[in-house]
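*Asks:* Below is the file structure28.cif, which contains mmCIF, C-alpha atoms.
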```cif
data_model
loop_
_atom_site.label_atom_id
_atom_site.label_comp_id
_atom_site.auth_asym_id
_atom_site.auth_seq_id
_atom_site.Cartn_x
_atom_site.Cartn_y
_atom_site.Cartn_z
CA GLU A 1 -104.56 121.24 57.43
CA THR A 2 -104.09 124.10 59.91
CA GLN A 3 -105.16 121.85 62.78
CA ALA A 4 -102.61 119.24 61.69
CA LEU A 5 -99.85 121.88 61.83
CA VAL A 6 -101.01 123.00 65.30
CA ASN A 7 -101.01 119.38 66.52
CA MET A 8 -97.56 118.76 65.06
CA ALA A 9 -96.19 121.93 66.74
CA ALA A 10 -97.70 120.85 70.08
CA GLU A 11 -96.12 117.39 69.78
CA MET A 12 -92.73 118.91 68.98
CA LYS A 13 -93.03 121.22 72.01
CA LEU A 14 -93.96 118.29 74.29
CA SER A 15 -91.06 116.13 73.11
CA ASN A 16 -88.68 119.08 73.48
CA GLU A 17 -89.89 119.74 77.07
CA ALA A 18 -89.53 116.05 77.92
CA VAL A 19 -85.87 116.14 76.95
CA GLN A 20 -85.09 119.36 78.85
CA LEU A 21 -85.70 117.68 82.21
CA LEU A 22 -83.03 115.03 82.56
CA ASN A 23 -84.29 111.70 83.87
CA MET A 24 -82.72 108.41 84.99
CA GLU A 25 -83.57 106.66 81.71
CA THR A 26 -81.71 109.25 79.63
CA CYS A 27 -78.75 109.04 82.03
CA LYS A 28 -78.62 105.26 81.75
CA LYS A 29 -78.44 105.55 77.96
CA GLY A 30 -75.48 107.93 78.27
CA LEU A 31 -73.40 105.68 80.55
CA LYS A 32 -70.14 104.41 79.07
CA THR A 33 -66.84 102.86 80.11
CA LEU A 34 -67.21 100.17 82.72
CA GLY A 35 -64.10 100.08 84.89
CA LEU A 36 -62.63 100.30 88.37
CA HIS A 37 -63.69 103.30 90.36
CA PRO A 38 -60.53 105.23 91.39
CA VAL A 39 -61.59 105.65 95.03
CA THR A 40 -63.70 102.61 95.90
CA GLN A 41 -61.84 100.21 93.56
CA ARG A 42 -65.20 98.63 92.66
CA HIS A 43 -66.55 98.19 89.15
CA ALA A 44 -68.73 101.07 87.99
CA PHE A 45 -69.70 103.02 84.89
CA LEU A 46 -67.16 105.83 84.83
CA GLU A 47 -68.32 108.00 81.93
CA LEU A 48 -71.59 109.78 81.30
CA SER A 49 -72.22 111.58 78.02
CA LEU A 50 -75.32 113.78 77.79
CA SER A 51 -74.38 116.31 75.14
CA SER A 52 -76.79 118.02 72.72
CA LEU A 53 -80.02 116.94 74.43
CA GLY A 54 -81.53 120.36 75.23
CA ILE A 55 -81.20 119.66 78.97
CA GLU A 56 -81.86 122.51 81.40
CA ASP A 57 -81.85 120.74 84.78
CA VAL A 58 -79.23 118.14 85.76
CA GLY A 59 -80.47 117.45 89.31
CA VAL A 60 -80.70 113.71 88.66
CA LEU A 61 -76.89 113.57 88.36
CA GLN A 62 -76.67 113.42 92.16
CA ASN A 63 -77.57 109.74 91.75
CA PHE A 64 -74.31 109.05 89.86
CA PRO A 65 -71.54 109.82 92.39
CA GLN A 66 -69.13 107.34 90.74
CA ILE A 67 -68.91 109.27 87.46
CA VAL A 68 -65.33 110.24 86.60
CA TYR A 69 -65.86 111.77 83.12
CA LEU A 70 -68.96 113.89 82.45
CA ASP A 71 -69.91 115.57 79.18
CA ILE A 72 -72.98 117.83 79.34
CA SER A 73 -71.94 120.13 76.50
CA HIS A 74 -74.34 121.81 74.05
CA ASN A 75 -77.35 121.99 76.35
CA CYS A 76 -79.24 124.76 78.19
CA ILE A 77 -77.79 124.19 81.68
CA SER A 78 -77.39 127.28 83.88
CA SER A 79 -76.11 125.79 87.17
CA LEU A 80 -73.59 123.12 88.11
CA ARG A 81 -74.27 123.10 91.88
CA VAL A 82 -75.53 119.49 91.82
CA LEU A 83 -72.03 118.36 90.85
CA GLU A 84 -70.92 118.73 94.47
CA ASN A 85 -72.34 115.21 94.85
CA LEU A 86 -69.94 113.83 92.21
CA SER A 87 -66.81 113.63 94.35
CA SER A 88 -65.00 111.30 91.91
CA LEU A 89 -65.34 113.66 88.95
CA LEU A 90 -62.00 114.18 87.17
CA GLN A 91 -63.10 115.70 83.86
CA LEU A 92 -66.04 117.99 83.19
CA ARG A 93 -67.04 119.15 79.73
CA ALA A 94 -69.89 121.66 79.87
CA ARG A 95 -69.20 123.95 76.91
CA ASN A 96 -72.01 125.72 75.05
CA ASN A 97 -74.52 126.04 77.88
CA LYS A 98 -75.99 128.96 79.85
CA ILE A 99 -73.70 128.66 82.87
CA THR A 100 -73.13 131.97 84.68
CA GLU A 101 -70.83 130.91 87.55
CA CYS A 102 -67.46 129.19 87.28
CA LEU A 103 -67.32 125.93 89.26
CA ASN A 104 -69.63 127.18 92.01
CA PHE A 105 -69.70 123.82 93.76
CA SER A 106 -67.39 121.99 96.11
CA PRO A 107 -67.58 118.27 96.92
CA PRO A 108 -67.26 117.46 100.65
CA HIS A 109 -63.71 117.54 101.97
CA CYS A 110 -63.01 115.87 105.29
CA LYS A 111 -60.03 117.46 107.03
CA GLU A 112 -58.85 118.06 110.57
CA THR A 113 -60.81 121.29 111.00
CA HIS A 114 -63.95 119.92 109.32
CA SER A 115 -64.45 116.19 109.85
CA TRP A 116 -67.21 113.67 110.49
CA PRO A 117 -67.20 109.92 111.26
CA GLU A 118 -67.96 108.75 107.70
CA GLY A 119 -65.78 111.37 106.03
CA GLY A 120 -62.74 109.20 105.32
CA LYS A 121 -63.39 109.08 101.56
CA ALA A 122 -64.45 112.73 101.25
CA ILE A 123 -61.32 114.23 99.75
CA GLY A 124 -62.94 117.20 98.05
CA SER A 125 -62.81 118.06 94.37
CA MET A 126 -60.60 115.85 92.19
CA LEU A 127 -61.28 117.79 88.98
CA THR A 128 -58.25 118.00 86.69
CA LEU A 129 -59.86 119.15 83.41
CA VAL A 130 -62.77 121.57 83.02
CA ASP A 131 -64.17 122.98 79.78
CA LEU A 132 -66.69 125.77 80.36
CA SER A 133 -66.09 127.54 77.05
CA HIS A 134 -68.96 129.31 75.28
CA ASN A 135 -71.05 130.06 78.37
CA HIS A 136 -72.14 133.27 80.17
CA ILE A 137 -69.55 133.40 82.96
CA ARG A 138 -68.77 136.96 84.12
CA ARG A 139 -66.27 136.19 86.89
CA ILE A 140 -64.10 133.25 87.86
CA GLY A 141 -64.31 133.48 91.66
CA ASP A 142 -62.21 131.52 94.14
CA LEU A 143 -61.32 128.09 92.73
CA SER A 144 -59.06 126.97 95.59
CA HIS A 145 -61.48 124.12 96.44
CA HIS A 146 -60.66 122.64 92.99
CA ARG A 147 -56.98 122.45 93.85
CA PHE A 148 -56.03 119.67 91.40
CA LEU A 149 -57.07 121.54 88.24
CA GLU A 150 -54.52 121.11 85.45
CA CYS A 151 -56.57 122.41 82.52
CA LEU A 152 -59.21 125.15 82.67
CA LEU A 153 -60.91 126.23 79.44
CA LEU A 154 -63.00 129.41 79.73
CA ALA A 155 -62.87 130.71 76.16
CA LYS A 156 -65.69 132.89 74.84
CA ASN A 157 -67.38 133.83 78.08
CA GLN A 158 -67.96 137.32 79.50
CA LEU A 159 -64.89 137.63 81.71
CA SER A 160 -63.24 141.03 82.09
CA TRP A 161 -60.54 140.23 84.68
CA ILE A 162 -58.60 137.26 86.06
CA GLU A 163 -59.06 136.21 89.68
CA GLY A 164 -59.29 133.16 91.94
CA LEU A 165 -56.54 131.13 90.28
CA HIS A 166 -53.60 131.85 92.61
CA ASN A 167 -53.97 128.58 94.61
CA LEU A 168 -54.11 126.29 91.57
CA ARG A 169 -50.56 124.99 91.79
CA PHE A 170 -51.12 122.26 89.17
CA LEU A 171 -52.73 124.51 86.53
CA GLN A 172 -50.81 124.08 83.26
CA THR A 173 -53.38 125.07 80.62
CA LEU A 174 -55.62 128.11 80.81
CA ASP A 175 -57.73 129.32 77.87
CA LEU A 176 -59.29 132.75 78.31
CA SER A 177 -59.49 133.66 74.61
CA GLY A 178 -62.54 135.49 73.32
CA ASN A 179 -63.24 137.26 76.62
CA HIS A 180 -63.05 140.97 77.47
CA ILE A 181 -59.87 140.81 79.54
CA ALA A 182 -57.85 143.99 79.11
CA GLN A 183 -54.87 143.09 81.29
CA ILE A 184 -53.23 139.73 82.06
CA GLU A 185 -52.51 139.61 85.79
CA GLY A 186 -52.93 137.28 88.76
CA LEU A 187 -51.12 134.40 87.06
CA ASP A 188 -47.79 134.76 88.86
CA ASN A 189 -46.47 131.59 90.49
CA LEU A 190 -48.70 129.33 88.38
CA PRO A 191 -46.99 126.51 86.42
CA LEU A 192 -48.74 127.52 83.19
CA ARG A 193 -47.41 125.96 80.00
CA GLU A 194 -50.22 127.13 77.74
CA LEU A 195 -52.16 130.38 77.92
#
```
Once you've parsed the file, please lay out its structure as structure tokens.
*Replies:*
Amino acid sequence: ETQALVNMAAEMKLSNEAVQLLNMETCKKGLKTLGLHPVTQRHAFLELSLSSLGIEDVGVLQNFPQIVYLDISHNCISSLRVLENLSSLLQLRARNNKITECLNFSPPHCKETHSWPEGGKAIGSMLTLVDLSHNHIRRIGDLSHHRFLECLLLAKNQLSWIEGLHNLRFLQTLDLSGNHIAQIEGLDNLPLREL
């Protein structure tokens, strides 16, 4: 009887570990919404939902550059750096994870001072909505490379001051509730409608 319990615990641990490392098969199951890609105008799966799977590593997401809507909420993810490969991403939902840095990635942006022959479609970050609520973020940092952000949800993190938002000229919704911010500042000249 004791051996049966040990075997059952080992099986549960193995199946849990298998889920924590995201693979192509799991991603394929999470694909939704077939439609026209906003940049290439070709048919593609536009939405990927991978919430509540116990995922720690999302490295395989670099193979899905056409994704427009991504939900990786309620997992154990600590870094979003791989998302720099998802240049078409418009909406990111990554609440209830272990993320410590706020949008610490930047998709390639081809411009006059930084260009390359194949860079014509590299327009940088197109993110408009980001939900990073219920994570472990201590500071916001410079978000100027996510210049199209309209909605930024950072509720219930570990923030103690506001910074890095001054260049977000489209930002209308900002949720900083449940943080340790003592003074509201650095929001001048932003078109905020909801705080």
*Asks:* Which residues fall under the PyMOL selection byres ((chain A and resi 167) around 8) in this file, as a ChimeraX atom specification?
*Replies:* /A:143-144,147,164-166,168-169
*Asks:* Write out as number ranges by chain which residues come within 8 Å of Leu152 of chain A when counting all atoms listed in the file, dropping same-chain ones fewer than 6 positions away.
*Replies:* A: 129-132, 171, 173-175
*Asks:* Report the residues retrieved by the PyMOL selection byres ((chain A and resi 33-50) around 8) from the displayed file, expressed as a PyMOL selection string.
*Replies:* chain A and resi 27+30-32+51-53+66-73+88+121
*Asks:* In Å, with one decimal, what is the gap from atom CA of Leu21 of chain A to atom CA of Leu83 of chain A?
*Replies:*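 Between atom CA of Leu21 of chain A and atom CA of Leu83 of chain A the gap works out to 16.2 Å.
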*Asks:* Between atom CA of Leu153 of chain A and atom CA of Leu176 of chain A, what is the distance, to one decimal in Å?
*Replies:*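 That distance, rounded to one decimal, is 6.8 Å.
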*Asks:* With the file shown as input, list the residues that the PyMOL selection byres ((chain A and resi 23) around 10) selects, as an MDAnalysis selection string.
*Replies:* chainID A and resid 18:22 24:28 55 57:61
*Asks:* Measure the distance from atom CA of Arg81 of chain A to atom CA of Ile181 of chain A in Å and round it to one decimal.
*Replies:*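 So the answer is 25.9 Å.
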*Asks:* For Ala182 of chain A, which residue among A:Leu89, A:Leu80, A:Leu195, A:Leu159 is the nearest when counting all atoms listed in the file?
*Replies:*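 Of A:Leu89, A:Leu80, A:Leu195, A:Leu159, the one nearest Ala182 of chain A, counting all atoms listed in the file, is A:Leu159.
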*Asks:* So that I can check the surroundings of Ser78 of chain A, please list as a list in words every protein, DNA and RNA residue that reaches within 9 Å of it, counting only C-alpha atoms and ignoring chain neighbours fewer than 2 positions away.
*Replies:*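 The contact residues come out as Glu56, Asp57, Cys76, Leu80, Asn97, Lys98, Ile99, Thr100, Glu101, Asn135 and His136 of chain A.
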*Asks:* Please provide the set of residues having any atom within 7 Å of Asn179 of chain A, restricted to all atoms listed in the file, with same-chain residues fewer than 5 positions apart removed, written as a ChimeraX atom specification.
*Replies:* /A:155-160
*Asks:* Reconstruct segment 126-139 of chain A at the level of N, CA and C atoms, and format the result as a PDB file, keeping the file's coordinate frame.
*Replies:*
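Full text of selection.pdb as output:
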```
ATOM      1  N   MET A 126     -61.730 116.498  92.866  1.00  0.00           N
ATOM      2  CA  MET A 126     -60.600 115.850  92.190  1.00  0.00           C
ATOM      3  C   MET A 126     -60.520 116.298  90.734  1.00  0.00           C
ATOM      4  N   LEU A 127     -61.269 117.322  90.370  1.00  0.00           N
ATOM      5  CA  LEU A 127     -61.280 117.790  88.980  1.00  0.00           C
ATOM      6  C   LEU A 127     -59.873 118.155  88.497  1.00  0.00           C
ATOM      7  N   THR A 128     -59.523 117.645  87.311  1.00  0.00           N
ATOM      8  CA  THR A 128     -58.250 118.000  86.690  1.00  0.00           C
ATOM      9  C   THR A 128     -58.464 118.759  85.388  1.00  0.00           C
ATOM     10  N   LEU A 129     -59.562 118.489  84.688  1.00  0.00           N
ATOM     11  CA  LEU A 129     -59.860 119.150  83.410  1.00  0.00           C
ATOM     12  C   LEU A 129     -61.287 119.666  83.421  1.00  0.00           C
ATOM     13  N   VAL A 130     -61.437 120.950  83.086  1.00  0.00           N
ATOM     14  CA  VAL A 130     -62.770 121.570  83.020  1.00  0.00           C
ATOM     15  C   VAL A 130     -62.851 122.407  81.758  1.00  0.00           C
ATOM     16  N   ASP A 131     -63.903 122.165  80.973  1.00  0.00           N
ATOM     17  CA  ASP A 131     -64.170 122.980  79.780  1.00  0.00           C
ATOM     18  C   ASP A 131     -65.519 123.660  79.946  1.00  0.00           C
ATOM     19  N   LEU A 132     -65.484 124.951  80.225  1.00  0.00           N
ATOM     20  CA  LEU A 132     -66.690 125.770  80.360  1.00  0.00           C
ATOM     21  C   LEU A 132     -66.718 126.854  79.285  1.00  0.00           C
ATOM     22  N   SER A 133     -66.117 126.576  78.154  1.00  0.00           N
ATOM     23  CA  SER A 133     -66.090 127.540  77.050  1.00  0.00           C
ATOM     24  C   SER A 133     -67.490 127.787  76.514  1.00  0.00           C
ATOM     25  N   HIS A 134     -67.685 128.945  75.918  1.00  0.00           N
ATOM     26  CA  HIS A 134     -68.960 129.310  75.280  1.00  0.00           C
ATOM     27  C   HIS A 134     -70.125 129.263  76.264  1.00  0.00           C
ATOM     28  N   ASN A 135     -69.976 129.939  77.393  1.00  0.00           N
ATOM     29  CA  ASN A 135     -71.050 130.060  78.370  1.00  0.00           C
ATOM     30  C   ASN A 135     -71.276 131.547  78.649  1.00  0.00           C
ATOM     31  N   HIS A 136     -71.833 131.875  79.808  1.00  0.00           N
ATOM     32  CA  HIS A 136     -72.140 133.270  80.170  1.00  0.00           C
ATOM     33  C   HIS A 136     -71.466 133.661  81.474  1.00  0.00           C
ATOM     34  N   ILE A 137     -70.267 133.166  81.712  1.00  0.00           N
ATOM     35  CA  ILE A 137     -69.550 133.400  82.960  1.00  0.00           C
ATOM     36  C   ILE A 137     -68.939 134.797  82.959  1.00  0.00           C
ATOM     37  N   ARG A 138     -69.256 135.582  84.003  1.00  0.00           N
ATOM     38  CA  ARG A 138     -68.770 136.960  84.120  1.00  0.00           C
ATOM     39  C   ARG A 138     -67.548 137.080  85.026  1.00  0.00           C
ATOM     40  N   ARG A 139     -67.434 136.165  85.998  1.00  0.00           N
ATOM     41  CA  ARG A 139     -66.270 136.190  86.890  1.00  0.00           C
ATOM     42  C   ARG A 139     -65.894 134.766  87.271  1.00  0.00           C
TER      43      ARG A 139
END
```
